[in-house]
>>> print(open('coords10.tsv').read())   # TSV, C-alpha atoms
chain	number	residue	atom	x	y	z
A	1	MET	CA	36.72	30.27	-20.04
A	2	THR	CA	35.79	26.59	-20.02
A	3	GLN	CA	32.17	26.03	-19.01
A	4	ALA	CA	31.68	23.13	-16.59
A	5	SER	CA	29.24	20.48	-17.83
A	6	TYR	CA	27.48	17.54	-16.25
A	7	SER	CA	26.01	14.34	-17.54
A	8	VAL	CA	22.30	13.67	-17.45
A	9	SER	CA	22.94	10.98	-14.82
A	10	GLU	CA	24.83	13.40	-12.59
A	11	ILE	CA	22.09	16.03	-12.74
A	12	THR	CA	19.38	13.42	-12.13
A	13	ARG	CA	21.27	11.93	-9.20
A	14	TYR	CA	21.82	15.42	-7.75
A	15	ILE	CA	18.08	16.16	-7.92
A	16	LYS	CA	17.29	12.76	-6.40
A	17	GLU	CA	19.64	13.33	-3.46
A	18	ARG	CA	18.13	16.76	-2.82
A	19	LEU	CA	14.60	15.35	-2.80
A	20	GLU	CA	15.54	12.48	-0.49
A	21	SER	CA	17.28	14.82	1.94
A	22	ALA	CA	14.17	16.98	2.40
A	23	PRO	CA	12.39	15.77	5.60
A	24	LEU	CA	8.99	16.98	4.39
A	25	LEU	CA	9.18	14.80	1.29
A	26	GLN	CA	10.19	11.63	3.14
A	27	ASP	CA	6.93	11.25	5.08
A	28	VAL	CA	4.19	13.23	3.39
A	29	TRP	CA	0.42	12.91	2.92
A	30	VAL	CA	-0.83	13.88	-0.55
A	31	GLU	CA	-4.49	14.25	-1.49
A	32	GLY	CA	-5.65	13.95	-5.07
A	33	GLU	CA	-7.61	12.05	-7.70
A	34	ILE	CA	-6.42	8.74	-9.16
A	35	SER	CA	-6.00	8.37	-12.90
A	36	ASN	CA	-4.25	5.83	-15.17
A	37	TRP	CA	-4.37	3.13	-12.45
A	38	ILE	CA	-2.39	0.05	-13.61
A	39	ARG	CA	-1.51	-3.11	-11.69
A	40	SER	CA	1.42	-4.96	-13.29
A	41	ARG	CA	1.72	-8.74	-13.55
A	42	ALA	CA	4.23	-8.59	-10.70
A	43	GLY	CA	1.59	-7.00	-8.48
A	44	HIS	CA	3.05	-3.46	-8.36
A	45	CYS	CA	0.65	-0.56	-8.96
A	46	TYR	CA	1.39	2.55	-11.02
A	47	PHE	CA	-0.90	5.57	-11.23
A	48	THR	CA	-1.15	9.35	-11.45
A	49	LEU	CA	-2.33	11.46	-8.53
A	50	LYS	CA	-3.71	14.77	-9.75
A	51	ASP	CA	-5.72	17.84	-8.89
A	52	THR	CA	-6.94	20.71	-11.05
A	53	ARG	CA	-3.44	22.23	-11.45
A	54	ALA	CA	-0.84	19.48	-11.30
A	55	SER	CA	-0.15	15.76	-11.21
A	56	ILE	CA	2.46	13.39	-9.81
A	57	ARG	CA	3.27	9.80	-10.66
A	58	GLY	CA	2.68	7.28	-7.87
A	59	VAL	CA	4.04	3.79	-7.21
A	60	ILE	CA	2.75	1.17	-4.75
A	61	TRP	CA	4.87	-1.96	-4.39
A	62	ARG	CA	3.22	-5.37	-4.33
A	63	THR	CA	3.61	-5.95	-0.57
A	64	THR	CA	1.76	-2.70	0.18
A	65	ALA	CA	-0.80	-3.10	-2.63
A	66	SER	CA	-1.79	-6.57	-1.40
A	67	GLY	CA	-2.76	-5.10	1.96
A	68	LEU	CA	-5.02	-2.31	0.68
A	69	ALA	CA	-8.47	-2.35	2.27
A	70	PHE	CA	-10.11	-1.23	-0.97
A	71	GLU	CA	-9.56	-1.46	-4.73
A	72	PRO	CA	-8.58	1.98	-6.08
A	73	GLU	CA	-10.01	3.10	-9.40
A	74	ASP	CA	-9.67	6.03	-11.79
A	75	GLY	CA	-11.45	9.17	-10.62
A	76	GLN	CA	-11.37	8.19	-6.94
A	77	ALA	CA	-10.26	10.82	-4.42
A	78	VAL	CA	-7.65	9.38	-2.05
A	79	LEU	CA	-5.12	10.34	0.57
A	80	ALA	CA	-1.68	8.81	-0.06
A	81	ARG	CA	1.21	8.63	2.37
A	82	GLY	CA	4.77	8.02	1.23
A	83	HIS	CA	8.05	9.59	0.20
A	84	VAL	CA	9.13	11.46	-2.93
A	85	SER	CA	12.13	10.33	-4.95
A	86	VAL	CA	13.34	10.15	-8.55
A	87	TYR	CA	13.10	7.21	-10.94
A	88	GLU	CA	16.46	7.82	-12.58
A	89	PRO	CA	16.02	5.94	-15.91
A	90	GLN	CA	13.23	8.37	-16.86
A	91	GLY	CA	14.34	11.38	-14.80
A	92	GLN	CA	10.87	11.48	-13.25
A	93	TYR	CA	10.02	12.29	-9.65
A	94	GLN	CA	7.48	9.97	-8.08
A	95	LEU	CA	5.54	9.42	-4.88
A	96	TYR	CA	6.39	5.99	-3.45
A	97	VAL	CA	3.23	5.17	-1.49
A	98	ASP	CA	3.16	3.01	1.64
A	99	ALA	CA	-0.41	3.86	2.74
A	100	LEU	CA	-3.53	4.69	0.73
A	101	GLN	CA	-7.03	5.44	1.95
A	102	PRO	CA	-10.21	7.08	0.67
A	103	VAL	CA	-10.21	10.82	1.15
A	104	GLY	CA	-13.08	10.72	3.64
A	105	ARG	CA	-11.04	8.79	6.17
A	106	GLY	CA	-8.02	10.90	5.34
A	107	ALA	CA	-9.87	14.10	6.22
A	108	LEU	CA	-10.64	12.73	9.68
A	109	TYR	CA	-7.05	11.67	10.10
A	110	LEU	CA	-5.84	15.17	9.24
A	111	GLN	CA	-8.25	16.66	11.79
A	112	PHE	CA	-6.92	14.16	14.34
A	113	GLU	CA	-3.30	15.12	13.61
A	114	GLU	CA	-4.06	18.86	13.70
A	115	LEU	CA	-5.80	18.65	17.07
A	116	LYS	CA	-3.11	16.37	18.47
A	117	GLU	CA	-0.36	18.78	17.37
A	118	ARG	CA	-2.18	21.85	18.68
A	119	LEU	CA	-3.01	20.39	22.10
A	120	GLY	CA	0.45	18.89	22.33
A	121	ALA	CA	1.98	22.31	21.71
A	122	GLU	CA	-0.06	23.61	24.64
A	123	GLY	CA	1.54	20.98	26.86
A	124	LEU	CA	-1.68	19.07	27.38
A	125	PHE	CA	0.10	15.76	26.71
A	126	ASP	CA	3.36	16.49	28.58
A	127	ALA	CA	4.68	13.61	30.63
A	128	ASP	CA	5.04	15.80	33.74
A	129	ARG	CA	1.25	16.20	33.78
A	130	LYS	CA	0.73	12.45	34.04
A	131	ARG	CA	-0.18	11.16	37.47
A	132	SER	CA	0.55	7.76	38.92
A	133	LEU	CA	-2.34	5.43	39.51
A	134	PRO	CA	-3.32	4.62	43.12
A	135	GLU	CA	-1.93	1.29	44.27
A	136	TYR	CA	-5.09	0.19	46.08
A	137	PRO	CA	-8.14	2.02	44.69
A	138	VAL	CA	-11.36	1.76	46.69
A	139	LEU	CA	-13.81	3.70	44.49
A	140	ILE	CA	-13.42	3.50	40.71
A	141	GLY	CA	-15.44	5.81	38.45
A	142	VAL	CA	-16.40	4.49	35.02
A	143	VAL	CA	-17.55	6.67	32.11
A	144	THR	CA	-19.14	4.58	29.36
A	145	SER	CA	-22.47	3.43	27.97
A	146	PRO	CA	-24.51	1.38	30.47
A	147	THR	CA	-25.56	-1.00	27.68
A	148	ALA	CA	-22.11	-1.47	26.15
A	149	ALA	CA	-20.15	-4.71	26.35
A	150	ALA	CA	-17.19	-2.61	27.50
A	151	LEU	CA	-18.87	-2.07	30.88
A	152	GLN	CA	-19.35	-5.80	31.46
A	153	ASP	CA	-15.74	-6.44	30.45
A	154	ILE	CA	-14.55	-3.87	32.99
A	155	LEU	CA	-16.77	-5.25	35.79
A	156	ASN	CA	-15.63	-8.83	35.11
A	157	VAL	CA	-11.97	-7.85	35.32
A	158	LEU	CA	-12.45	-5.79	38.48
A	159	ARG	CA	-14.33	-8.62	40.25
A	160	ARG	CA	-11.56	-11.04	39.36
A	161	ARG	CA	-8.58	-8.86	40.20
A	162	TRP	CA	-9.73	-6.50	42.96
A	163	PRO	CA	-13.19	-7.36	44.30
A	164	VAL	CA	-12.90	-4.95	47.24
A	165	ALA	CA	-13.19	-1.96	44.90
A	166	GLN	CA	-16.53	-0.26	44.37
A	167	VAL	CA	-17.60	0.94	40.92
A	168	LEU	CA	-19.46	4.20	40.31
A	169	LEU	CA	-20.92	4.36	36.78
A	170	SER	CA	-21.46	7.74	35.17
A	171	PRO	CA	-23.44	6.78	32.03
A	172	THR	CA	-23.07	8.53	28.68
A	173	LEU	CA	-23.39	8.08	24.95
A	174	VAL	CA	-20.09	6.98	23.41
A	175	GLN	CA	-20.89	7.57	19.73
A	176	GLY	CA	-22.50	10.27	17.61
A	177	VAL	CA	-22.65	14.07	17.59
A	178	ASP	CA	-24.37	14.19	21.00
A	179	ALA	CA	-21.73	12.03	22.67
A	180	PRO	CA	-18.94	14.62	23.38
A	181	PRO	CA	-21.02	16.95	25.61
A	182	GLN	CA	-22.49	13.94	27.41
A	183	ILE	CA	-19.00	12.51	28.04
A	184	VAL	CA	-17.87	15.85	29.47
A	185	ALA	CA	-20.94	16.00	31.72
A	186	ALA	CA	-20.36	12.41	32.90
A	187	LEU	CA	-16.75	13.24	33.80
A	188	ASN	CA	-17.76	16.37	35.71
A	189	LYS	CA	-20.25	14.34	37.78
A	190	LEU	CA	-17.44	12.06	38.89
A	191	TYR	CA	-15.15	15.03	39.60
A	192	ALA	CA	-17.79	16.30	42.02
A	193	GLN	CA	-18.03	12.92	43.75
A	194	ALA	CA	-15.88	12.61	46.86
A	195	GLY	CA	-13.74	9.55	47.36
A	196	VAL	CA	-13.17	8.60	43.69
A	197	ASP	CA	-9.62	7.26	43.39
A	198	VAL	CA	-9.35	6.71	39.63
A	199	ILE	CA	-11.57	7.07	36.56
A	200	ILE	CA	-11.85	4.75	33.55
A	201	ILE	CA	-13.25	6.22	30.34
A	202	ALA	CA	-13.98	3.45	27.86
A	203	ARG	CA	-15.80	2.10	24.86
A	204	GLY	CA	-15.33	-0.87	22.53
A	205	GLY	CA	-13.68	-0.87	19.14
A	206	GLY	CA	-15.04	0.52	15.89
A	207	SER	CA	-14.21	2.64	12.88
A	208	ILE	CA	-12.55	6.03	13.14
A	209	GLU	CA	-16.00	7.58	12.75
A	210	ASP	CA	-17.36	5.44	15.61
A	211	LEU	CA	-14.53	6.55	17.91
A	212	TRP	CA	-14.64	10.19	16.84
A	213	ALA	CA	-16.33	11.41	20.03
A	214	PHE	CA	-13.05	10.64	21.84
A	215	ASN	CA	-11.18	12.87	19.39
A	216	ASP	CA	-13.22	15.90	20.49
A	217	GLU	CA	-11.30	18.84	21.98
A	218	ARG	CA	-13.88	19.31	24.74
A	219	VAL	CA	-13.40	15.71	25.90
A	220	ALA	CA	-9.60	16.02	25.80
A	221	ARG	CA	-9.62	19.18	27.93
A	222	ALA	CA	-12.13	17.71	30.40
A	223	ILE	CA	-9.87	14.65	30.90
A	224	ALA	CA	-6.83	16.90	31.42
A	225	GLU	CA	-8.73	18.82	34.13
A	226	ALA	CA	-9.55	15.68	36.14
A	227	PRO	CA	-8.68	15.89	39.85
A	228	VAL	CA	-7.77	12.18	39.89
A	229	PRO	CA	-5.90	9.94	37.46
A	230	VAL	CA	-7.80	8.94	34.31
A	231	ILE	CA	-7.30	5.74	32.31
A	232	SER	CA	-8.36	5.74	28.67
A	233	GLY	CA	-9.49	2.36	27.34
A	234	VAL	CA	-11.04	3.26	24.00
A	235	GLY	CA	-11.24	0.92	21.01
A	236	HIS	CA	-8.95	-1.98	20.25
A	237	GLU	CA	-5.20	-2.23	20.63
A	238	VAL	CA	-4.46	-0.55	17.29
A	239	ASP	CA	-6.83	2.38	17.90
A	240	PHE	CA	-5.47	5.70	19.18
A	241	THR	CA	-7.61	8.70	20.10
A	242	ILE	CA	-6.93	12.17	21.50
A	243	ALA	CA	-8.39	10.91	24.78
A	244	ASP	CA	-5.49	8.40	24.98
A	245	PHE	CA	-2.92	11.22	24.89
A	246	SER	CA	-4.85	13.44	27.29
A	247	ALA	CA	-5.36	10.70	29.88
A	248	ASP	CA	-2.81	9.75	32.50
A	249	VAL	CA	-2.70	6.16	31.20
A	250	ARG	CA	-3.65	4.71	27.86
A	251	ALA	CA	-4.87	1.09	27.80
A	252	PRO	CA	-5.37	-0.82	24.51
A	253	THR	CA	-8.87	-2.10	25.45
A	254	PRO	CA	-11.55	-1.53	28.12
A	255	SER	CA	-10.56	-4.83	29.78
A	256	ALA	CA	-6.93	-3.74	29.83
A	257	ALA	CA	-7.97	-0.42	31.38
A	258	ALA	CA	-9.61	-2.28	34.25
A	259	GLU	CA	-6.53	-4.42	34.69
A	260	VAL	CA	-4.19	-1.46	34.97
A	261	ALA	CA	-6.58	0.33	37.33
A	262	VAL	CA	-6.31	-2.28	40.09
A	263	PRO	CA	-3.73	-4.72	41.47
A	264	ASP	CA	-4.15	-8.46	41.35
A	265	GLN	CA	-5.24	-9.68	44.76
A	266	ALA	CA	-3.31	-12.94	44.31
A	267	GLU	CA	-0.06	-11.05	43.75
A	268	ILE	CA	-0.23	-8.58	46.63
A	269	ARG	CA	2.45	-9.63	49.03
A	270	GLY	CA	3.87	-6.61	50.78
A	271	LYS	CA	6.87	-5.07	49.07
A	272	VAL	CA	6.53	-7.33	46.03
A	273	CYS	CA	3.94	-4.96	44.57
A	274	THR	CA	6.24	-1.94	45.06
A	275	ALA	CA	9.16	-3.74	43.45
A	276	SER	CA	6.98	-4.79	40.53
A	277	THR	CA	5.82	-1.22	39.96
A	278	ALA	CA	9.40	0.08	40.06
A	279	ALA	CA	10.52	-2.61	37.64
A	280	THR	CA	7.64	-1.81	35.28
A	281	GLU	CA	8.51	1.88	35.26
A	282	CYS	CA	12.16	1.05	34.61
A	283	VAL	CA	11.24	-1.19	31.68
A	284	GLU	CA	8.94	1.46	30.25
A	285	ARG	CA	11.72	4.04	30.40
A	286	HIS	CA	14.09	1.57	28.79
A	287	ILE	CA	11.56	0.85	26.03
A	288	ARG	CA	11.06	4.57	25.36
A	289	ASP	CA	14.82	5.11	25.19
A	290	ALA	CA	15.27	2.02	23.04
A	291	ARG	CA	12.49	3.14	20.70
A	292	HIS	CA	14.09	6.57	20.37
A	293	GLU	CA	17.47	5.00	19.66
A	294	LEU	CA	15.83	2.56	17.26
A	295	ASP	CA	14.18	5.43	15.40
A	296	MET	CA	17.54	7.15	15.04
A	297	LEU	CA	19.15	3.93	13.78
A	298	ARG	CA	16.24	3.30	11.42
A	299	GLN	CA	16.67	6.73	9.86
A	300	SER	CA	20.38	6.10	9.41
A	301	LEU	CA	19.77	2.65	7.93
A	302	ALA	CA	17.12	4.02	5.59
A	303	ARG	CA	19.74	6.15	3.87
A	304	LEU	CA	22.07	3.15	3.52
A	305	SER	CA	19.49	0.47	2.80
A	306	PRO	CA	19.52	-1.22	-0.65
A	307	ARG	CA	15.74	-1.22	-0.54
A	308	LEU	CA	15.40	1.94	-2.63
A	309	ARG	CA	17.69	0.54	-5.30
A	310	ILE	CA	15.75	-2.73	-5.27
A	311	GLN	CA	12.52	-0.79	-5.67
A	312	ARG	CA	13.94	1.14	-8.62
A	313	ASP	CA	15.16	-2.12	-10.15
A	314	ARG	CA	11.69	-3.58	-9.75
A	315	GLN	CA	10.21	-0.75	-11.75
A	316	ARG	CA	12.99	-1.06	-14.33
A	317	VAL	CA	12.19	-4.78	-14.69
A	318	ASP	CA	8.56	-3.91	-15.30
A	319	ASP	CA	9.62	-1.38	-17.96
A	320	LEU	CA	11.92	-3.91	-19.65
A	321	TYR	CA	9.19	-6.54	-19.54
A	322	ARG	CA	6.84	-4.21	-21.39
A	323	ARG	CA	9.54	-3.30	-23.93
A	324	VAL	CA	10.37	-6.97	-24.58
A	325	GLY	CA	6.69	-7.66	-25.23
A	326	GLN	CA	6.49	-4.77	-27.69
A	327	ILE	CA	9.67	-5.85	-29.50
A	328	GLY	CA	8.42	-9.45	-29.72
A	329	GLN	CA	5.12	-8.35	-31.22
A	330	HIS	CA	6.91	-6.14	-33.75
A	331	HIS	CA	9.29	-8.97	-34.74
A	332	LEU	CA	6.37	-11.39	-35.14
A	333	LEU	CA	4.60	-8.91	-37.45
A	334	LEU	CA	7.72	-8.58	-39.62
A	335	MET	CA	8.08	-12.38	-39.89
A	336	ARG	CA	4.46	-12.73	-40.90
A	337	GLU	CA	4.90	-10.11	-43.66
A	338	ARG	CA	8.08	-11.83	-44.87
A	339	LEU	CA	6.32	-15.22	-44.95
A	340	SER	CA	3.45	-13.72	-46.94
A	341	GLY	CA	5.96	-12.35	-49.49
A	342	MET	CA	7.71	-15.69	-49.84
A	343	GLN	CA	4.38	-17.46	-50.33
A	344	HIS	CA	3.57	-15.04	-53.11
A	345	ARG	CA	6.93	-15.63	-54.78
A	346	LEU	CA	6.53	-19.41	-54.51
A	347	GLY	CA	3.13	-19.12	-56.11
A	348	VAL	CA	4.66	-17.32	-59.05
A	349	LEU	CA	7.33	-20.04	-59.46
A	350	ASP	CA	4.90	-22.99	-59.06
A	351	PRO	CA	5.16	-25.13	-62.26
A	352	HIS	CA	1.49	-26.07	-62.00
A	353	ALA	CA	0.61	-22.43	-62.40
A	354	THR	CA	2.65	-22.42	-65.64
A	355	LEU	CA	0.85	-25.52	-66.89
A	356	ASP	CA	-2.49	-23.88	-66.09
A	357	ARG	CA	-1.58	-21.09	-68.49
A	358	GLY	CA	-1.35	-23.63	-71.42
A	359	TYR	CA	2.25	-24.70	-71.26
A	360	ALA	CA	3.36	-28.36	-71.23
A	361	VAL	CA	6.38	-30.33	-70.03
A	362	VAL	CA	7.79	-32.82	-72.59
A	363	ARG	CA	9.87	-35.75	-71.35
A	364	LYS	CA	11.62	-38.62	-72.98
A	365	LEU	CA	10.87	-42.10	-71.76
A	366	ASP	CA	13.96	-41.99	-69.53
A	367	GLY	CA	12.40	-39.01	-67.71
A	368	HIS	CA	14.71	-36.30	-69.09
A	369	VAL	CA	12.93	-33.06	-69.96
A	370	VAL	CA	13.17	-32.07	-73.63
A	371	ARG	CA	14.42	-28.51	-73.77
A	372	SER	CA	15.66	-28.46	-77.42
A	373	VAL	CA	14.76	-30.08	-80.72
A	374	ILE	CA	18.27	-31.45	-80.98
A	375	GLN	CA	17.48	-33.80	-78.07
A	376	VAL	CA	14.98	-35.85	-80.15
A	377	THR	CA	14.81	-37.60	-83.50
A	378	ALA	CA	11.91	-38.68	-85.60
A	379	GLY	CA	10.07	-41.64	-84.15
A	380	ASP	CA	11.12	-41.04	-80.51
A	381	PRO	CA	8.30	-41.75	-78.07
A	382	LEU	CA	7.54	-38.92	-75.66
A	383	SER	CA	5.44	-38.18	-72.55
A	384	VAL	CA	3.64	-34.79	-72.50
A	385	GLN	CA	2.46	-33.35	-69.13
A	386	VAL	CA	-0.29	-30.73	-69.08
A	387	SER	CA	-2.23	-29.11	-66.21
A	388	ASP	CA	-4.67	-31.98	-65.68
A	389	GLY	CA	-2.49	-35.02	-66.57
A	390	ASP	CA	-0.16	-36.42	-69.24
A	391	PHE	CA	-0.38	-38.36	-72.51
A	392	ALA	CA	1.98	-40.19	-74.91
A	393	ALA	CA	3.28	-38.71	-78.17
A	394	ARG	CA	5.77	-39.56	-80.90
A	395	VAL	CA	8.16	-37.34	-82.84
A	396	GLU	CA	7.19	-37.13	-86.50
A	397	ASP	CA	9.85	-34.66	-87.50
A	398	SER	CA	12.54	-33.39	-85.15
A	399	GLY	CA	13.03	-30.23	-87.18
A	400	GLY	CA	16.62	-30.29	-86.11
A	401	GLY	CA	17.84	-31.75	-89.37
>>> encode(input="coords10.tsv", output="structure tokens")
Amino acid sequence: MTQASYSVSEITRYIKERLESAPLLQDVWVEGEISNWIRSRAGHCYFTLKDTRASIRGVIWRTTASGLAFEPEDGQAVLARGHVSVYEPQGQYQLYVDALQPVGRGALYLQFEELKERLGAEGLFDADRKRSLPEYPVLIGVVTSPTAAALQDILNVLRRRWPVAQVLLSPTLVQGVDAPPQIVAALNKLYAQAGVDVIIIARGGGSIEDLWAFNDERVARAIAEAPVPVISGVGHEVDFTIADFSADVRAPTPSAAAEVAVPDQAEIRGKVCTASTAATECVERHIRDARHELDMLRQSLARLSPRLRIQRDRQRVDDLYRRVGQIGQHHLLLMRERLSGMQHRLGVLDPHATLDRGYAVVRKLDGHVVRSVIQVTAGDPLSVQVSDGDFAARVEDSGGG
């Protein structure tokens, strides 16, 4: 029987396709220690991510590396996010990294994702739990620090947009280990207060550690149990917390939370407000559908995009650049050795070296070198060159007969 065989390229390509078709390996977080960190002249970074039992090669392209918030170094523990594929010229699987952060921040992120997934599985974030905000709130509860700038931002917006509303502050810490139970207690005080139409829970921006009180499970469950709609306005626009998902409405900032809590008095004109709300909800549904469709298209395009090939070619160019440098250095070394040999040979053939050993060059007056006695006769004048000059001579006897 004839045994089927495959080329190295076919096997490598088969492995590459299998790796790239595994969903887990296309968006994965990997924790490990950096070693052999190298940044090429083109700006791409190559390194090894390892633990006590294994290692994997990592690549960060220049566009991602230029945006890193810190300078990685050997021995540093990090959390890397990316996808796994194969660099075919070397048959080596690699982690192509698009996000890198110190392991401390990564640990918090993993806790955030675990809690988000667990509470989401319980249905705590389901859309059918979300309640609409009152169109014309009269009493607005606010849970935040009484000394925070977020409170002043909220009050300024409410006075400008809906001055008829009253504000009931339930003060609390918004940072530190003591903050979560205080936030829960502040919410419960408002739940017991009659007449509250909507609640804003807010604080200003900060690091993930600063905002961590709003990633506490107790706070998330207390928000979900609210008898009235809750607006979460925690951090800046790019910050997301568990409180955002648990609340009925997520606003990017405390000021934005106040804006969504009340209508604009200048815009209230009967049915115009109702039409605006309906239009907003329609647009939001359209955006969600469009984002879902866009995600599906992006996944399809990712499989067809030339980006991966370009990325592989970039690494191949870096490899070729290093090889050319090595070849050039080797060729230069050979040329230097060859030149040294030729200089030695020229030194051996140098006529001055011969004269230094006691030999002389005899010439006739016409400049011809005398190589045989038959070239001269008695009485011929001659010029004799030695190592340090020349002198005249005359033939007494040619000896040639």
>>> atom_distance(input="coords10.tsv", atom1="atom CA of Glu396 of chain A", atom2="atom CA of Leu382 of chain A")
11.0 Å
>>> atom_distance(input="coords10.tsv", atom1="atom CA of Gly75 of chain A", atom2="atom CA of Trp29 of chain A")
18.4 Å
>>> closest_residue(input="coords10.tsv", among="A:Pro263, A:Gly379, A:Pro23, A:Pro227", to="Ala247 of chain A", atoms="only C-alpha atoms")
A:Pro227
>>> atom_distance(input="coords10.tsv", atom1="atom CA of Thr64 of chain A", atom2="atom CA of Asp295 of chain A")
21.3 Å
>>> residues_around(input="coords10.tsv", residues="Val370 of chain A", least_positions_apart="3", cutoff="10 Å", atoms="all atoms listed in the file", output="number ranges by chain")
A: 361-364, 367, 373-376, 382-384
>>> residues_around(input="coords10.tsv", residues="Glu33 of chain A", least_positions_apart="5", cutoff="6 Å", atoms="only C-alpha atoms", output="short mmCIF file (atom, residue, chain, number, x, y, z; two decimals) with C-alpha atoms, in the coordinates of the input")
data_model
loop_
_atom_site.label_atom_id
_atom_site.label_comp_id
_atom_site.auth_asym_id
_atom_site.auth_seq_id
_atom_site.Cartn_x
_atom_site.Cartn_y
_atom_site.Cartn_z
CA LEU A 49 -2.33 11.46 -8.53
CA LYS A 50 -3.71 14.77 -9.75
CA GLY A 75 -11.45 9.17 -10.62
CA GLN A 76 -11.37 8.19 -6.94
CA ALA A 77 -10.26 10.82 -4.42
#
>>> closest_residue(input="coords10.tsv", among="A:Ser246, A:Thr354, A:Gln94, A:Ser35", to="Asp126 of chain A", atoms="all atoms listed in the file")
A:Ser246
>>> residues_near_point(input="coords10.tsv", point="(-8.1, 17.0, 40.1)", cutoff="12 Å", atoms="only C-alpha atoms", output="list in words")
Arg129, Lys130, Arg131, Leu187, Asn188, Leu190, Tyr191, Ala192, Gln193, Ala194, Gly195, Val196, Asp197, Val198, Ile199, Ala222, Ile223, Ala224, Glu225, Ala226, Pro227, Val228, Pro229, Val230 and Asp248 of chain A
>>> residues_around(input="coords10.tsv", residues="Ala69 of chain A", least_positions_apart="2", cutoff="9 Å", atoms="only C-alpha atoms", output="VMD selection string")
chain A and resid 66 to 67 71 100 to 101
>>> write_last_selection(input="coords10.tsv", atoms="C-alpha atoms", output="mmCIF file, keeping the file's coordinate frame")
data_model
loop_
_atom_site.group_PDB
_atom_site.id
_atom_site.type_symbol
_atom_site.label_atom_id
_atom_site.label_comp_id
_atom_site.auth_asym_id
_atom_site.auth_seq_id
_atom_site.Cartn_x
_atom_site.Cartn_y
_atom_site.Cartn_z
ATOM 1 C CA SER A 66 -1.790 -6.570 -1.400
ATOM 2 C CA GLY A 67 -2.760 -5.100 1.960
ATOM 3 C CA GLU A 71 -9.560 -1.460 -4.730
ATOM 4 C CA LEU A 100 -3.530 4.690 0.730
ATOM 5 C CA GLN A 101 -7.030 5.440 1.950
#
>>> closest_residue(input="coords10.tsv", among="A:Ala266, A:Leu211, A:Ala278, A:Val28", to="Arg161 of chain A", atoms="only C-alpha atoms")
A:Ala266
>>> residues_around(input="coords10.tsv", residues="Arg218 of chain A", least_positions_apart="3", cutoff="8 Å", atoms="all atoms listed in the file", output="PyMOL selection string")
chain A and resi 180-181+184+221-222
>>> closest_residue(input="coords10.tsv", among="A:Ile242, A:Leu24, A:Ala42, A:Ile140", to="Arg118 of chain A", atoms="only C-alpha atoms")
A:Ile242
>>> residues_around(input="coords10.tsv", residues="Phe125 of chain A", least_positions_apart="5", cutoff="8 Å", atoms="only C-alpha atoms", output="number ranges by chain")
A: 119-120, 245-246
>>> residues_near_point(input="coords10.tsv", point="(-5.4, 3.8, 33.4)", cutoff="6 Å", atoms="only C-alpha atoms", output="VMD selection string")
chain A and resid 230 to 232 249 to 250 257 260 to 261
>>> closest_residue(input="coords10.tsv", among="A:Ser255, A:Ser85, A:Asn215, A:Gln3", to="Asp153 of chain A", atoms="only C-alpha atoms")
A:Ser255
>>> axis_aligned_box(input="coords10.tsv", around="segment 178-182 of chain A", padding_each_side="8 Å", output="JSON")
{"center_x": -21.7, "center_y": 14.5, "center_z": 24.2, "size_x": 21.4, "size_y": 20.9, "size_z": 22.4}
>>> decode(input="coords10.tsv", residues="segment 62-71 of chain A", atoms="N, CA and C atoms", output="mmCIF file, in the first residue's frame")
data_model
loop_
_atom_site.group_PDB
_atom_site.id
_atom_site.type_symbol
_atom_site.label_atom_id
_atom_site.label_comp_id
_atom_site.auth_asym_id
_atom_site.auth_seq_id
_atom_site.Cartn_x
_atom_site.Cartn_y
_atom_site.Cartn_z
ATOM 1 N N ARG A 62 3.942 47.071 16.210
ATOM 2 C CA ARG A 62 4.352 48.431 16.556
ATOM 3 C C ARG A 62 3.184 49.306 16.999
ATOM 4 N N THR A 63 2.045 49.234 16.288
ATOM 5 C CA THR A 63 0.915 50.101 16.617
ATOM 6 C C THR A 63 0.402 49.837 18.029
ATOM 7 N N THR A 64 0.406 48.557 18.436
ATOM 8 C CA THR A 64 -0.015 48.220 19.801
ATOM 9 C C THR A 64 1.072 48.574 20.808
ATOM 10 N N ALA A 65 2.340 48.278 20.463
ATOM 11 C CA ALA A 65 3.450 48.523 21.394
ATOM 12 C C ALA A 65 3.587 50.006 21.710
ATOM 13 N N SER A 66 3.319 50.877 20.727
ATOM 14 C CA SER A 66 3.465 52.314 20.957
ATOM 15 C C SER A 66 2.426 52.848 21.938
ATOM 16 N N GLY A 67 1.339 52.100 22.139
ATOM 17 C CA GLY A 67 0.297 52.558 23.042
ATOM 18 C C GLY A 67 0.344 51.934 24.424
ATOM 19 N N LEU A 68 1.384 51.142 24.712
ATOM 20 C CA LEU A 68 1.485 50.521 26.040
ATOM 21 C C LEU A 68 1.667 51.585 27.119
ATOM 22 N N ALA A 69 1.005 51.393 28.235
ATOM 23 C CA ALA A 69 1.070 52.359 29.331
ATOM 24 C C ALA A 69 2.305 52.151 30.204
ATOM 25 N N PHE A 70 3.082 51.114 29.938
ATOM 26 C CA PHE A 70 4.285 50.861 30.711
ATOM 27 C C PHE A 70 5.302 50.187 29.809
ATOM 28 N N GLU A 71 6.575 50.178 30.242
ATOM 29 C CA GLU A 71 7.641 49.556 29.471
ATOM 30 C C GLU A 71 7.918 48.169 30.050
#
